[in-house]
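Below is one structure, written out as structure tokens; the observations come after it.
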Amino acid sequence: QVQLVESGGGSVQAGDSLRLSCAASGRTFSRNAMGWFRQAPGKERESVAAISWSGGSTLYADSVKGRFTISRDNAKNTVYLQMNSLKPEDTAVYYCAADTYSGSRSYTPVSRAQYEYWGQGTQVTVSS
């Protein structure tokens, strides 16, 4: 059974940092892209960041560029999201997702439809 388990969410003040982790089990994703999405109340789930299987390609939503960093450790089957300078508008449930398509080293999908496996989500709340 494939599982993605997020951790590291919490309640922080504006300007603080958090590091989210997503540990995969049940299969390896070392040859698959992975991503982070978020969903705020009443809004659509949106892409935050994505990373190719090699780690050599990353993409970010404009709203988080320069503040968030996605990374991965294929040996641990884990993807991370370092979030700095958090803002109240970053408040959302954050989900990690894994693709099953083995693309090129630079393949970095950002569409929800391109991801097959999803975690249960972790809440991030940023207060002003």
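Chains: A, B, ... in order of the structure tokens. Residues: from 1 per chain. Ligands: from 1, in order shown.
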At a cut-off of 8 Å, can you tabulate as JSON lines every residue of range 54-119 of chain A near range 1-6 of chain A together with its closest atom pair and the distance in Å to one decimal, using only C-alpha atoms and ordering rows by chain then number?
```
{"residue": "A:Tyr95", "atom": "CA", "partner": "A:Glu6", "partner_atom": "CA", "distance": 7.2}
{"residue": "A:Cys96", "atom": "CA", "partner": "A:Glu6", "partner_atom": "CA", "distance": 6.8}
{"residue": "A:Ala97", "atom": "CA", "partner": "A:Leu4", "partner_atom": "CA", "distance": 7.5}
{"residue": "A:Tyr117", "atom": "CA", "partner": "A:Leu4", "partner_atom": "CA", "distance": 7.4}
{"residue": "A:Trp118", "atom": "CA", "partner": "A:Leu4", "partner_atom": "CA", "distance": 6.3}
{"residue": "A:Gly119", "atom": "CA", "partner": "A:Leu4", "partner_atom": "CA", "distance": 4.5}
```
Please save C-alpha atoms of the selected residues as a PDB file, in the first residue's frame.
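As written to disk, out.pdb reads:
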```pdb
ATOM      1  CA  TYR A  95      -0.463  18.295   0.461  1.00  0.00           C
ATOM      2  CA  CYS A  96       2.401  16.359  -0.982  1.00  0.00           C
ATOM      3  CA  ALA A  97       1.896  14.467  -4.224  1.00  0.00           C
ATOM      4  CA  TYR A 117      -0.638   9.724  -5.168  1.00  0.00           C
ATOM      5  CA  TRP A 118      -1.547  12.231  -2.470  1.00  0.00           C
ATOM      6  CA  GLY A 119      -0.904  12.615   1.221  1.00  0.00           C
TER       7      GLY A 119
END
```
task = Please give the complete set of residues from range 5-128 of chain A that DSSP, run on the backbone, assigns to helix (DSSP H, G or I), formatted as JSON, numbers by chain.
result = {"A": [88, 89, 90, 112, 113, 114]}
Take the residues from that selection and put them in a file with C-alpha atoms, as a PDB file, in the first residue's frame.
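Wrote part_11.pdb, looks like this:
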```pdb
ATOM      1  CA  PRO A  88      -0.966  34.999   6.571  1.00  0.00           C
ATOM      2  CA  GLU A  89      -1.946  34.257   2.973  1.00  0.00           C
ATOM      3  CA  ASP A  90       0.157  31.083   3.151  1.00  0.00           C
ATOM      4  CA  ARG A 112      -2.943  18.329 -10.161  1.00  0.00           C
ATOM      5  CA  ALA A 113      -4.014  15.922 -12.891  1.00  0.00           C
ATOM      6  CA  GLN A 114      -0.428  14.764 -13.389  1.00  0.00           C
TER       7      GLN A 114
END
```
ask   = Which residues come within 6 Å of Ile51 in chain A, counting only C-alpha atoms, excluding same-chain residues fewer than 3 positions away, as a PyMOL selection string?
value = chain A and resi 33-34+55+57-58+108
DSSP strand (DSSP E or B) residues within range 11-124 of chain A, listed as a ChimeraX atom specification = /A:11-13,18-25,34-39,46-51,58-60,68-73,78-83,92-98,117-118,122-124
Please produce a file of the residues just selected, as a CSV table (one decimal), in the first residue's frame, where the atoms kept are N, CA and C atoms.
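Listing of out-v2.csv after writing:
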```csv
chain,number,residue,atom,x,y,z
A,11,SER,N,1.1,26.2,13.7
A,11,SER,CA,0.7,27.5,13.8
A,11,SER,C,1.9,28.4,14.1
A,12,VAL,N,2.1,29.4,13.3
A,12,VAL,CA,3.3,30.3,13.5
A,12,VAL,C,2.9,31.7,13.2
A,13,GLN,N,3.8,32.6,13.5
A,13,GLN,CA,3.6,34.1,13.3
A,13,GLN,C,4.1,34.4,11.9
A,18,LEU,N,8.8,27.3,8.6
A,18,LEU,CA,8.4,25.9,8.8
A,18,LEU,C,9.1,25.1,7.8
A,19,ARG,N,9.3,23.8,8.1
A,19,ARG,CA,9.8,22.9,7.2
A,19,ARG,C,8.9,21.7,7.1
A,20,LEU,N,8.2,21.5,6.0
A,20,LEU,CA,7.4,20.3,5.8
A,20,LEU,C,8.2,19.2,5.3
A,21,SER,N,7.8,18.0,5.7
A,21,SER,CA,8.4,16.7,5.2
A,21,SER,C,7.3,15.8,4.7
A,22,CYS,N,7.6,15.1,3.7
A,22,CYS,CA,6.6,14.1,3.1
A,22,CYS,C,7.4,12.8,2.9
A,23,ALA,N,7.1,11.8,3.7
A,23,ALA,CA,7.7,10.5,3.6
A,23,ALA,C,6.8,9.5,2.9
A,24,ALA,N,7.4,8.9,1.8
A,24,ALA,CA,6.7,7.9,1.0
A,24,ALA,C,7.0,6.5,1.5
A,25,SER,N,6.0,5.7,1.4
A,25,SER,CA,6.3,4.2,1.7
A,25,SER,C,5.4,3.4,0.8
A,34,MET,N,7.8,14.9,-7.8
A,34,MET,CA,7.0,15.1,-6.6
A,34,MET,C,6.7,16.6,-6.5
A,35,GLY,N,5.6,16.8,-5.8
A,35,GLY,CA,5.2,18.2,-5.7
A,35,GLY,C,4.5,18.5,-4.4
A,36,TRP,N,4.3,19.8,-4.1
A,36,TRP,CA,3.6,20.3,-2.9
A,36,TRP,C,2.4,21.2,-3.5
A,37,PHE,N,1.3,20.9,-2.9
A,37,PHE,CA,0.1,21.7,-3.3
A,37,PHE,C,-0.5,22.3,-1.9
A,38,ARG,N,-1.4,23.3,-2.1
A,38,ARG,CA,-2.0,23.8,-0.9
A,38,ARG,C,-3.5,24.1,-1.2
A,39,GLN,N,-4.3,24.1,-0.2
A,39,GLN,CA,-5.7,24.5,-0.4
A,39,GLN,C,-6.2,25.3,0.8
A,46,GLU,N,-4.0,24.4,-5.2
A,46,GLU,CA,-3.1,25.0,-6.1
A,46,GLU,C,-1.7,24.5,-5.9
A,47,SER,N,-0.9,24.5,-7.0
A,47,SER,CA,0.5,24.0,-7.0
A,47,SER,C,1.3,25.1,-6.2
A,48,VAL,N,2.2,24.6,-5.4
A,48,VAL,CA,3.1,25.5,-4.6
A,48,VAL,C,4.5,25.3,-5.2
A,49,ALA,N,4.9,24.0,-5.3
A,49,ALA,CA,6.3,23.7,-5.8
A,49,ALA,C,6.3,22.3,-6.3
A,50,ALA,N,7.2,22.1,-7.3
A,50,ALA,CA,7.4,20.8,-7.8
A,50,ALA,C,8.9,20.5,-8.1
A,51,ILE,N,9.3,19.3,-8.0
A,51,ILE,CA,10.7,18.9,-8.2
A,51,ILE,C,10.8,17.7,-9.1
A,58,THR,N,13.3,22.5,-10.5
A,58,THR,CA,12.2,22.9,-9.6
A,58,THR,C,11.4,24.0,-10.1
A,59,LEU,N,10.2,24.0,-9.8
A,59,LEU,CA,9.3,25.1,-10.2
A,59,LEU,C,8.5,25.6,-9.0
A,60,TYR,N,8.2,26.9,-9.0
A,60,TYR,CA,7.4,27.5,-7.9
A,60,TYR,C,6.3,28.3,-8.3
A,68,PHE,N,10.1,29.9,-0.5
A,68,PHE,CA,9.9,28.5,-0.3
A,68,PHE,C,11.0,27.8,-1.2
A,69,THR,N,11.5,26.7,-0.6
A,69,THR,CA,12.4,25.8,-1.3
A,69,THR,C,12.0,24.4,-1.2
A,70,ILE,N,11.8,23.7,-2.4
A,70,ILE,CA,11.5,22.3,-2.4
A,70,ILE,C,12.8,21.5,-2.6
A,71,SER,N,12.9,20.4,-1.9
A,71,SER,CA,14.1,19.5,-2.1
A,71,SER,C,13.7,18.1,-1.9
A,72,ARG,N,14.5,17.2,-2.2
A,72,ARG,CA,14.2,15.8,-2.0
A,72,ARG,C,15.4,15.0,-1.6
A,73,ASP,N,15.2,13.8,-0.9
A,73,ASP,CA,16.3,12.9,-0.6
A,73,ASP,C,15.8,11.5,-1.1
A,78,THR,N,11.8,10.8,0.5
A,78,THR,CA,11.2,11.9,1.2
A,78,THR,C,11.4,13.2,0.4
A,79,VAL,N,10.4,14.0,0.4
A,79,VAL,CA,10.5,15.4,-0.2
A,79,VAL,C,10.2,16.4,0.9
A,80,TYR,N,10.8,17.6,0.8
A,80,TYR,CA,10.7,18.6,1.8
A,80,TYR,C,10.2,19.9,1.2
A,81,LEU,N,9.7,20.8,2.0
A,81,LEU,CA,9.3,22.1,1.6
A,81,LEU,C,9.7,23.0,2.7
A,82,GLN,N,10.8,23.8,2.5
A,82,GLN,CA,11.3,24.8,3.5
A,82,GLN,C,10.5,26.1,3.2
A,83,MET,N,9.8,26.6,4.2
A,83,MET,CA,9.0,27.8,4.0
A,83,MET,C,9.5,28.9,4.9
A,92,ALA,N,-3.1,27.4,4.9
A,92,ALA,CA,-3.7,26.4,4.0
A,92,ALA,C,-3.4,25.0,4.5
A,93,VAL,N,-4.1,24.0,4.0
A,93,VAL,CA,-3.7,22.7,4.2
A,93,VAL,C,-2.7,22.4,3.0
A,94,TYR,N,-1.5,21.8,3.4
A,94,TYR,CA,-0.5,21.5,2.4
A,94,TYR,C,-0.5,20.0,2.2
A,95,TYR,N,-0.5,19.7,0.9
A,95,TYR,CA,-0.5,18.3,0.5
A,95,TYR,C,0.8,18.0,-0.4
A,96,CYS,N,1.3,16.8,-0.1
A,96,CYS,CA,2.4,16.4,-1.0
A,96,CYS,C,1.8,15.4,-2.0
A,97,ALA,N,2.4,15.3,-3.2
A,97,ALA,CA,1.9,14.5,-4.2
A,97,ALA,C,3.0,13.9,-5.0
A,98,ALA,N,2.8,12.7,-5.6
A,98,ALA,CA,3.8,12.0,-6.3
A,98,ALA,C,3.3,11.5,-7.7
A,117,TYR,N,-0.6,10.0,-6.6
A,117,TYR,CA,-0.6,9.7,-5.2
A,117,TYR,C,-0.6,11.0,-4.4
A,118,TRP,N,-1.4,11.0,-3.3
A,118,TRP,CA,-1.5,12.2,-2.5
A,118,TRP,C,-1.5,11.9,-1.0
A,122,THR,N,-1.3,18.5,5.7
A,122,THR,CA,-0.9,19.1,7.0
A,122,THR,C,-1.2,20.5,7.1
A,123,GLN,N,-1.8,21.0,8.2
A,123,GLN,CA,-2.3,22.3,8.3
A,123,GLN,C,-1.2,23.3,8.6
A,124,VAL,N,-1.1,24.4,7.9
A,124,VAL,CA,-0.2,25.5,8.2
A,124,VAL,C,-1.0,26.7,8.4
```
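Distances here use only C-alpha atoms; by that measure, the residue among A:Ser17, A:Thr28, A:Thr125, A:Ser54 closest to Lys76 in chain A is A:Thr28.
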